[in-house]
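Just coords-v3.cif here, mmCIF, C-alpha atoms:
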```cif
data_entry
loop_
_atom_site.label_atom_id
_atom_site.label_comp_id
_atom_site.auth_asym_id
_atom_site.auth_seq_id
_atom_site.Cartn_x
_atom_site.Cartn_y
_atom_site.Cartn_z
CA MET A 1 -6.86 2.39 -19.18
CA LEU A 2 -5.70 0.77 -15.97
CA ALA A 3 -9.15 -0.69 -15.43
CA GLU A 4 -8.93 -2.51 -18.78
CA ARG A 5 -5.52 -4.09 -18.10
CA TYR A 6 -6.74 -6.25 -15.23
CA ASP A 7 -9.44 -8.86 -14.77
CA ALA A 8 -10.68 -7.36 -11.50
CA LEU A 9 -10.28 -4.30 -9.29
CA PHE A 10 -9.94 -4.99 -5.56
CA ILE A 11 -10.84 -1.62 -4.06
CA ASP A 12 -10.27 -0.60 -0.46
CA LEU A 13 -13.08 1.44 1.08
CA ASP A 14 -12.07 3.98 3.73
CA GLY A 15 -9.85 6.59 2.11
CA VAL A 16 -10.61 5.41 -1.43
CA VAL A 17 -14.40 5.28 -1.75
CA TYR A 18 -15.34 7.23 1.36
CA ARG A 19 -13.80 9.10 4.26
CA GLY A 20 -15.87 8.54 7.40
CA ASP A 21 -19.45 9.30 6.37
CA GLN A 22 -18.57 11.26 3.23
CA ALA A 23 -18.06 9.80 -0.23
CA VAL A 24 -14.79 10.68 -1.96
CA PRO A 25 -15.95 12.81 -4.92
CA ALA A 26 -13.88 10.85 -7.43
CA ALA A 27 -15.58 7.60 -6.41
CA LEU A 28 -19.00 9.04 -7.26
CA ARG A 29 -17.75 9.79 -10.79
CA VAL A 30 -15.58 6.75 -11.42
CA LEU A 31 -17.56 3.79 -10.09
CA PRO A 32 -20.51 4.28 -12.48
CA GLU A 33 -18.05 4.46 -15.38
CA LEU A 34 -16.40 1.22 -14.24
CA ARG A 35 -19.80 -0.45 -14.21
CA ARG A 36 -20.44 0.85 -17.71
CA LEU A 37 -17.17 -0.83 -18.74
CA ASP A 38 -18.39 -4.05 -17.08
CA THR A 39 -15.36 -4.07 -14.77
CA THR A 40 -15.31 -6.74 -12.07
CA ILE A 41 -15.27 -4.85 -8.76
CA LEU A 42 -14.77 -6.21 -5.26
CA PHE A 43 -14.68 -3.89 -2.28
CA LEU A 44 -12.22 -5.05 0.41
CA THR A 45 -12.22 -4.02 4.04
CA ASN A 46 -10.30 -5.12 7.12
CA ASN A 47 -13.26 -4.11 9.28
CA SER A 48 -14.88 -7.30 10.58
CA ALA A 49 -17.67 -5.64 12.58
CA ARG A 50 -20.17 -5.13 9.75
CA THR A 51 -21.75 -7.69 7.47
CA PRO A 52 -21.33 -7.26 3.70
CA GLU A 53 -24.96 -6.22 3.48
CA GLN A 54 -24.41 -3.48 6.07
CA VAL A 55 -21.38 -2.21 4.16
CA ALA A 56 -23.37 -2.20 0.92
CA GLN A 57 -26.15 -0.26 2.64
CA LYS A 58 -23.64 2.36 3.75
CA LEU A 59 -22.36 2.70 0.18
CA GLN A 60 -25.90 3.01 -1.14
CA GLY A 61 -26.57 5.73 1.42
CA LEU A 62 -23.62 7.66 0.02
CA GLY A 63 -25.01 7.41 -3.50
CA ILE A 64 -22.79 4.51 -4.60
CA GLU A 65 -24.29 1.44 -6.23
CA ALA A 66 -23.31 -1.73 -4.37
CA VAL A 67 -24.65 -5.11 -3.27
CA GLY A 68 -23.44 -7.38 -0.49
CA THR A 69 -21.84 -9.87 -2.88
CA GLU A 70 -19.44 -7.12 -4.01
CA VAL A 71 -18.08 -6.66 -0.49
CA LEU A 72 -15.42 -8.86 1.08
CA THR A 73 -14.76 -8.21 4.76
CA SER A 74 -11.98 -9.69 6.87
CA ALA A 75 -14.77 -11.54 8.68
CA LEU A 76 -15.83 -13.32 5.48
CA ALA A 77 -12.19 -14.03 4.62
CA THR A 78 -11.68 -15.56 8.09
CA ALA A 79 -14.70 -17.80 7.54
CA ALA A 80 -13.42 -18.71 4.07
CA LEU A 81 -10.04 -19.69 5.52
CA LEU A 82 -11.67 -21.94 8.08
CA ARG A 83 -13.99 -23.43 5.46
CA ARG A 84 -11.02 -24.36 3.29
CA GLU A 85 -9.40 -25.99 6.30
CA GLY A 86 -12.60 -27.83 7.23
CA ALA A 87 -14.34 -25.81 9.90
CA GLY A 88 -17.18 -28.21 10.67
CA GLU A 89 -17.94 -28.92 14.32
CA ARG A 90 -15.31 -26.52 15.64
CA THR A 91 -16.01 -24.24 18.57
CA ALA A 92 -14.84 -20.64 18.88
CA PHE A 93 -14.75 -17.92 21.49
CA VAL A 94 -15.13 -14.62 19.64
CA ILE A 95 -14.12 -11.10 20.47
CA GLY A 96 -15.96 -9.32 17.71
CA GLU A 97 -19.23 -7.89 16.49
CA ARG A 98 -22.02 -9.05 14.21
CA GLY A 99 -19.95 -9.32 11.04
CA ILE A 100 -17.49 -11.93 12.29
CA ARG A 101 -20.05 -13.81 14.37
CA GLU A 102 -22.42 -14.32 11.44
CA ALA A 103 -19.57 -15.23 9.09
CA LEU A 104 -18.27 -17.96 11.41
CA GLU A 105 -21.73 -19.40 12.01
CA GLY A 106 -22.20 -19.44 8.24
CA VAL A 107 -19.40 -22.01 7.84
CA GLY A 108 -20.53 -24.21 10.71
CA VAL A 109 -18.43 -22.90 13.59
CA THR A 110 -20.21 -23.07 16.96
CA LEU A 111 -19.81 -19.87 18.97
CA VAL A 112 -19.26 -20.25 22.70
CA ASP A 113 -19.89 -17.26 24.95
CA GLY A 114 -19.36 -16.69 28.65
CA GLN A 115 -16.34 -18.31 30.27
CA PRO A 116 -15.84 -21.73 28.68
CA ASP A 117 -13.05 -24.01 29.87
CA ARG A 118 -11.89 -24.87 26.36
CA THR A 119 -12.59 -24.06 22.70
CA ASP A 120 -10.92 -25.01 19.43
CA LEU A 121 -10.50 -21.40 18.35
CA VAL A 122 -10.19 -17.90 19.72
CA VAL A 123 -11.11 -15.37 17.01
CA VAL A 124 -10.35 -11.69 17.56
CA GLY A 125 -11.86 -8.86 15.53
CA TRP A 126 -12.86 -5.26 16.17
CA ASP A 127 -15.21 -5.17 19.16
CA ARG A 128 -16.49 -1.97 20.72
CA SER A 129 -17.85 -3.93 23.68
CA ALA A 130 -14.59 -5.73 24.49
CA ASP A 131 -13.70 -5.64 28.18
CA TYR A 132 -11.19 -7.15 30.57
CA SER A 133 -13.35 -10.23 31.12
CA LYS A 134 -13.34 -11.08 27.39
CA LEU A 135 -9.59 -10.53 27.09
CA ARG A 136 -8.95 -12.66 30.17
CA THR A 137 -11.14 -15.52 28.88
CA ALA A 138 -9.55 -15.38 25.44
CA SER A 139 -6.05 -15.49 26.95
CA LEU A 140 -6.88 -18.45 29.18
CA LEU A 141 -8.37 -20.38 26.25
CA VAL A 142 -5.26 -19.76 24.16
CA GLU A 143 -3.07 -20.93 27.05
CA ARG A 144 -5.14 -24.13 27.15
CA GLY A 145 -4.52 -24.87 23.48
CA ALA A 146 -7.03 -22.86 21.43
CA ARG A 147 -5.76 -21.61 18.09
CA LEU A 148 -5.60 -17.81 17.94
CA ILE A 149 -6.96 -16.17 14.78
CA ALA A 150 -7.23 -12.43 14.09
CA THR A 151 -9.51 -10.98 11.45
CA ASN A 152 -6.93 -8.21 11.06
CA ALA A 153 -4.07 -6.61 12.96
CA ASP A 154 -4.92 -2.91 12.51
CA ALA A 155 -3.73 -1.23 15.69
CA SER A 156 -6.21 1.63 15.40
CA TYR A 157 -9.61 2.44 13.97
CA PRO A 158 -9.92 5.91 12.39
CA ALA A 159 -13.03 7.48 13.96
CA PRO A 160 -14.36 11.02 13.39
CA ASP A 161 -12.99 12.19 16.75
CA GLY A 162 -9.60 10.48 16.48
CA LEU A 163 -8.09 7.01 16.63
CA TRP A 164 -9.82 4.28 18.59
CA PRO A 165 -8.23 0.94 19.59
CA GLY A 166 -8.54 -1.42 16.63
CA ALA A 167 -8.61 -5.20 16.40
CA GLY A 168 -4.82 -5.23 16.56
CA ALA A 169 -4.87 -3.44 19.91
CA LEU A 170 -7.19 -6.11 21.35
CA LEU A 171 -5.06 -8.83 19.79
CA ALA A 172 -1.93 -7.34 21.36
CA ALA A 173 -3.37 -7.80 24.84
CA ILE A 174 -3.77 -11.53 24.19
CA THR A 175 -0.43 -12.09 22.44
CA THR A 176 1.41 -10.11 25.11
CA THR A 177 -0.23 -12.25 27.78
CA THR A 178 0.22 -15.64 26.10
CA GLY A 179 3.14 -15.25 23.69
CA ALA A 180 0.98 -16.93 21.04
CA GLN A 181 1.54 -16.30 17.33
CA PRO A 182 -1.84 -15.59 15.70
CA THR A 183 -3.03 -16.42 12.21
CA VAL A 184 -3.84 -13.00 10.73
CA VAL A 185 -6.36 -12.88 7.89
CA GLY A 186 -6.78 -9.23 6.85
CA LYS A 187 -4.48 -7.03 4.80
CA PRO A 188 -1.53 -7.18 4.38
CA ALA A 189 -1.75 -10.92 5.15
CA GLY A 190 -2.58 -13.25 2.29
CA PRO A 191 -5.88 -14.90 3.30
CA LEU A 192 -8.05 -11.85 2.52
CA PHE A 193 -6.50 -11.52 -0.94
CA GLU A 194 -6.79 -15.26 -1.53
CA ALA A 195 -10.48 -15.08 -0.65
CA ALA A 196 -10.87 -12.15 -3.06
CA ALA A 197 -9.31 -14.13 -5.90
CA GLU A 198 -11.50 -17.10 -5.08
CA ALA A 199 -14.65 -14.96 -5.00
CA THR A 200 -13.99 -13.33 -8.40
CA GLY A 201 -11.91 -15.91 -10.23
CA ALA A 202 -9.35 -13.16 -10.89
CA THR A 203 -5.78 -14.10 -11.76
CA ARG A 204 -4.39 -10.62 -12.51
CA PRO A 205 -6.24 -8.14 -10.29
CA LEU A 206 -5.27 -4.56 -9.48
CA VAL A 207 -5.34 -3.69 -5.77
CA VAL A 208 -6.44 -0.09 -5.15
CA GLY A 209 -5.82 1.35 -1.69
CA ASP A 210 -4.66 4.32 0.35
CA ARG A 211 -2.20 2.55 2.67
CA LEU A 212 1.28 1.41 1.75
CA GLU A 213 1.70 -1.08 4.59
CA THR A 214 -1.57 -2.95 4.02
CA ASP A 215 -2.90 -2.46 0.48
CA VAL A 216 0.38 -2.04 -1.40
CA GLY A 217 2.46 -4.32 0.82
CA GLY A 218 -0.14 -7.07 0.68
CA ALA A 219 -0.46 -6.83 -3.10
CA ALA A 220 3.32 -7.04 -3.45
CA GLU A 221 3.39 -10.24 -1.38
CA MET A 222 0.79 -11.74 -3.70
CA GLY A 223 2.75 -10.70 -6.80
CA TRP A 224 -0.06 -8.36 -7.89
CA ASP A 225 0.02 -4.79 -9.18
CA SER A 226 -1.30 -1.97 -7.02
CA LEU A 227 -2.48 1.62 -7.27
CA LEU A 228 -1.85 3.89 -4.29
CA VAL A 229 -4.34 6.76 -4.11
CA LEU A 230 -3.59 9.92 -2.14
CA SER A 231 -7.20 10.59 -1.11
CA GLY A 232 -6.83 8.81 2.24
CA ALA A 233 -4.10 7.93 4.71
CA ALA A 234 -0.94 7.93 2.56
CA ARG A 235 1.01 11.07 1.73
CA ARG A 236 3.64 11.56 -0.96
CA ALA A 237 6.48 11.54 1.57
CA ASP A 238 5.38 8.10 2.80
CA LEU A 239 6.57 6.60 -0.48
CA LEU A 240 10.19 7.35 0.37
CA ALA A 241 9.95 5.48 3.68
CA SER A 242 8.19 2.41 2.28
CA ARG A 243 9.87 -0.85 1.39
CA ALA A 244 6.98 -1.89 -0.88
CA LEU A 245 6.20 0.52 -3.71
CA PRO A 246 2.98 0.59 -5.74
CA THR A 247 2.88 0.03 -9.48
CA TYR A 248 0.98 3.29 -9.90
CA VAL A 249 0.28 6.43 -7.84
CA GLY A 250 -2.77 8.63 -8.33
CA GLU A 251 -4.54 11.47 -6.60
CA ASP A 252 -7.72 9.43 -6.26
CA LEU A 253 -9.72 6.59 -7.80
CA SER A 254 -9.97 8.46 -11.12
CA ALA A 255 -6.48 7.13 -11.91
CA VAL A 256 -8.01 3.77 -12.93
CA LEU A 257 -9.44 5.53 -15.99
CA ASP A 258 -6.01 6.87 -17.03
CA GLU A 259 -3.58 5.39 -19.55
CA ARG A 260 -0.66 5.81 -17.16
CA PRO A 261 2.40 3.54 -17.54
CA PRO A 262 3.52 1.27 -14.71
CA GLY A 263 6.38 2.37 -12.45
CA ARG A 264 8.32 -0.87 -12.42
CA PHE A 265 11.89 0.32 -11.96
CA ARG A 266 14.93 -1.82 -12.73
CA ARG A 267 18.65 -1.26 -13.16
CA ALA A 268 19.60 0.17 -16.53
CA THR A 269 21.66 -1.97 -18.88
CA GLU A 270 24.45 -0.88 -21.21
CA ARG A 271 22.12 -0.95 -24.20
CA GLU A 272 19.90 1.58 -22.42
CA VAL A 273 22.58 4.27 -22.15
CA GLU A 274 21.36 6.13 -25.22
CA PRO A 275 17.63 5.91 -24.32
CA VAL A 276 18.50 7.28 -20.87
CA ARG A 277 20.59 10.04 -22.44
CA ALA A 278 17.72 10.95 -24.77
CA LEU A 279 15.28 11.10 -21.85
CA LEU A 280 17.61 13.34 -19.83
CA GLU A 281 18.24 15.69 -22.72
CA ILE A 282 14.55 16.05 -23.58
CA SER A 283 14.04 16.89 -19.88
CA SER A 284 16.79 19.56 -20.03
CA LEU A 285 18.99 17.60 -17.62
CA ARG A 286 22.74 17.02 -17.96
CA SER A 287 23.79 13.66 -19.37
CA GLY A 288 27.57 13.98 -19.03
CA GLY A 289 29.21 11.08 -17.21
CA LEU A 290 26.20 8.84 -17.76
CA ASP A 291 28.36 5.82 -18.59
CA ARG A 292 30.11 6.16 -15.23
CA ARG A 293 26.82 6.42 -13.35
CA LEU A 294 25.07 3.58 -15.16
CA ALA A 295 25.41 1.13 -12.23
CA GLY A 296 23.25 3.41 -10.09
CA THR A 297 20.72 4.28 -12.80
CA LEU A 298 17.15 2.99 -12.59
CA VAL A 299 14.69 2.98 -15.49
CA ALA A 300 11.06 2.15 -16.17
CA GLY A 301 9.44 1.42 -19.51
CA GLY A 302 10.69 0.03 -22.80
CA SER A 303 14.11 0.69 -24.25
CA ASP A 304 13.43 0.31 -27.98
CA GLU A 305 13.54 3.32 -30.25
CA ALA A 306 9.77 3.28 -30.82
CA SER A 307 8.66 3.53 -27.22
CA GLY A 308 11.65 4.89 -25.36
CA LEU A 309 11.89 4.95 -21.59
CA ASP A 310 9.12 6.28 -19.39
CA ALA A 311 11.24 7.45 -16.44
CA THR A 312 14.69 7.29 -14.88
CA ALA A 313 16.57 8.24 -11.72
CA CYS A 314 20.13 7.74 -10.50
CA LEU A 315 21.48 7.11 -7.01
CA GLU A 316 25.23 7.59 -6.60
CA SER A 317 27.24 6.72 -3.51
CA VAL A 318 29.55 9.61 -2.63
CA GLY A 319 31.66 9.50 0.51
CA GLY A 320 29.25 7.20 2.29
CA PHE A 321 26.19 9.26 1.36
CA GLY A 322 23.61 9.06 -1.40
CA LEU A 323 23.39 11.60 -4.21
CA LEU A 324 20.14 11.63 -6.17
CA ARG A 325 20.54 12.70 -9.79
CA SER A 326 18.76 12.66 -13.13
CA VAL A 327 15.12 12.22 -12.09
CA ALA A 328 13.34 12.48 -15.44
CA VAL A 329 9.96 11.49 -16.87
CA ARG A 330 8.93 11.35 -20.51
CA PRO A 331 7.03 14.57 -21.28
CA ASP A 332 3.81 12.93 -22.46
CA VAL A 333 3.39 10.91 -19.23
CA ARG A 334 4.37 13.57 -16.70
CA GLY A 335 2.00 14.25 -13.83
CA ARG A 336 1.03 10.60 -13.48
CA GLY A 337 3.12 9.58 -10.49
CA LEU A 338 6.24 8.30 -12.26
CA GLY A 339 8.49 11.03 -10.85
CA MET A 340 7.43 10.13 -7.32
CA LEU A 341 8.00 6.43 -7.95
CA ALA A 342 11.39 7.07 -9.58
CA THR A 343 12.52 9.09 -6.56
CA ALA A 344 11.16 6.49 -4.13
CA ALA A 345 12.91 3.67 -6.01
CA ALA A 346 16.22 5.56 -5.87
CA VAL A 347 15.84 6.26 -2.14
CA GLY A 348 15.09 2.56 -1.72
CA GLU A 349 18.45 1.87 -3.35
CA ALA A 350 20.10 4.11 -0.75
CA ARG A 351 18.40 2.15 2.00
CA THR A 352 19.54 -1.15 0.49
CA ARG A 353 23.13 0.12 0.42
CA GLY A 354 22.95 1.26 4.05
CA LEU A 355 23.16 4.97 3.18
CA THR A 356 21.41 7.06 5.82
CA ARG A 357 21.27 10.43 4.04
CA VAL A 358 20.52 11.41 0.46
CA PHE A 359 21.40 14.79 -1.10
CA LEU A 360 20.36 16.41 -4.37
CA PHE A 361 20.77 19.61 -6.38
CA THR A 362 17.77 21.02 -8.20
CA GLU A 363 17.25 24.12 -10.31
CA ALA A 364 13.55 23.80 -11.06
CA ALA A 365 11.93 21.12 -8.88
CA GLU A 366 12.31 22.34 -5.30
CA GLY A 367 8.57 22.11 -4.65
CA PHE A 368 8.33 18.59 -6.02
CA PHE A 369 11.12 17.28 -3.79
CA LYS A 370 9.79 19.17 -0.74
CA GLY A 371 6.50 17.32 -1.22
CA LEU A 372 8.41 14.06 -0.98
CA GLY A 373 10.09 15.02 2.29
CA PHE A 374 13.38 16.59 1.18
CA SER A 375 14.49 19.72 3.05
CA VAL A 376 16.49 22.68 1.76
CA ILE A 377 19.93 22.93 3.38
CA ASP A 378 22.89 25.28 3.19
CA ARG A 379 25.43 24.08 0.63
CA GLU A 380 28.20 24.65 3.16
CA SER A 381 26.70 21.95 5.38
CA LEU A 382 27.21 19.27 2.70
CA PRO A 383 29.73 16.51 3.41
CA GLY A 384 33.07 17.38 1.85
CA ALA A 385 32.94 14.64 -0.79
CA VAL A 386 29.52 15.76 -2.02
CA ARG A 387 30.39 19.46 -1.93
CA ALA A 388 33.57 18.85 -3.93
CA GLY A 389 31.95 16.47 -6.45
CA ASP A 390 31.03 16.91 -10.08
CA ALA A 391 27.31 17.43 -9.40
CA ALA A 392 27.95 20.41 -7.12
CA ALA A 393 30.33 21.95 -9.65
CA GLU A 394 27.82 21.50 -12.50
CA CYS A 395 25.02 23.18 -10.51
CA PRO A 396 26.59 26.17 -8.70
CA SER A 397 23.27 28.03 -8.39
CA ALA A 398 21.01 25.04 -7.69
CA VAL A 399 19.06 24.58 -4.48
CA THR A 400 20.66 21.98 -2.21
CA MET A 401 18.34 19.49 -0.49
CA ALA A 402 18.66 16.51 1.85
CA LEU A 403 16.63 13.59 3.16
CA ASP A 404 17.33 11.35 6.13
CA VAL A 405 16.75 7.72 5.13
CA SER A 406 15.21 5.34 7.63
CA PRO A 407 17.32 2.20 8.13
#
```

Spit out the file's structure as structure tokens when you get a sec.
Amino acid sequence: MLAERYDALFIDLDGVVYRGDQAVPAALRVLPELRRLDTTILFLTNNSARTPEQVAQKLQGLGIEAVGTEVLTSALATAALLRREGAGERTAFVIGERGIREALEGVGVTLVDGQPDRTDLVVVGWDRSADYSKLRTASLLVERGARLIATNADASYPAPDGLWPGAGALLAAITTTTGAQPTVVGKPAGPLFEAAAEATGATRPLVVGDRLETDVGGAAEMGWDSLLVLSGAARRADLLASRALPTYVGEDLSAVLDERPPGRFRRATEREVEPVRALLEISSLRSGGLDRRLAGTLVAGGSDEASGLDATACLESVGGFGLLRSVAVRPDVRGRGLGMLATAAAVGEARTRGLTRVFLFTEAAEGFFKGLGFSVIDRESLPGAVRAGDAAAECPSAVTMALDVSP
């Protein structure tokens, strides 16, 4: 199982464990099983307003076992960063709530309120009582030499009635005014993850989250594996627009109890021609011309005869456009996210090559590709080189689809 391959699980909260004030059903089933397996769990959150104990109390209220020591907030990570740097006898003006204020005081930082002339630090977190006076004071202190630190840079806070300004929105007012470059602690920045590793002693953790830009992107920067769950913010189509791809994709937290293979895609080598051919043929896909397309073929999994490949996809350049071909997954591991990751990796290749549109022909997977953002188009609207190519001739009755690729 995924949970048994790693020495800790760093689990995001909103969108993974709960949505607003409702527990995600999978979390209620999975977390007790993880505890039975004696899995090291650390809940991570960019929200700096609450203390770990308050977060744990919320989890308990939702029927989820948790204690404060299993919660790492961006407030605690900010305090940990300052402690490592030697925070003693420093002063700070804080835009933030109880969580960040208590965390800073816990490492010896003296908080200065009102309108001080100078402080060593200006620390910005989520603050529902922030007003123009606080933003003005913070900006003036930064102009006078205070170091600017942000618990996180989330532009918005997802509230039940819509999006509220997040810590990043408050931070933007100060950086726009002063031109200062802040030290950002929360995901996707490294300090929160570094604090998580320090707190658990983990050297090979799995990051579980519902956001590509923060959870997955931050894990990638740390060189760690990640699981993207689709129970929160991210949608399947977001994968094809992301530069950082997760190691795994799952519907919800229950994926950590699966034996799913990792989606680490690489360019196929000459010795992998026959394993790729075998995978295509067992998937009822054409393998003719594979040698010619090898340079654009991506694979995941082993290439020896015993294990075979887990998945493959091919991205050809045709007349200045991308042509997606041969998306195939080994039958016994289908339905575990590899097809999505194979497609996303191939579209990433198109982006790397500067191709702005990707086409494909499909006879049986129209719904799958629609879920990833491809649209059905009239074959007559294809660029001439694609319409006259081998793939079009091989699939005269196939549905034609296209995707615009972000630069």

Can you report as AutoDock Vina command-line options the centre and edge lengths in Å, to one decimal, of an axis-aligned box around the listed atoms of stretch 68-83 of chain A padded with 4 Å on each side?
```
--center_x -16.7 --center_y -15.0 --center_z 2.3 --size_x 21.4 --size_y 24.8 --size_z 20.7
```

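Between atom CA of A:Ser242 and atom CA of A:Gly348 the separation is 8.0 Å.
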
Checklist entry - Around (-16.2, -16.8, 32.9) in the file's frame, which residues reach within 9 Å when counting only C-alpha atoms? Return as a PyMOL selection string? => result chain A and resi 113-117+133-134+136-137

Next on the checklist: Could you tell me, as a PyMOL selection string, exactly which residues end up selected when the PyMOL selection byres ((chain A and resi 287-299) around 10) is applied to this structure?
Outcome noted: chain A and resi 263-270+272-281+284-286+300-303+309-317+324-329+342-343+345-346+349-350+390+394

Checklist entry - Just how far from atom CA of A:Gly96 is atom CA of A:Gly125, in Å to one decimal? => result 4.7 Å

Item to check | the PyMOL selection byres ((chain A and resi 247-259) around 7) resolved against shown file, as a ChimeraX atom specification | outcome: /A:1-3,16,26-27,30,225-231,245-246,260-264,336-337

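Between A:Ser74 and the candidates A:Ala393, A:Val216, A:Ala233, A:Ala153, the tightest atom-to-atom separation, counting only C-alpha atoms, involves A:Ala153.
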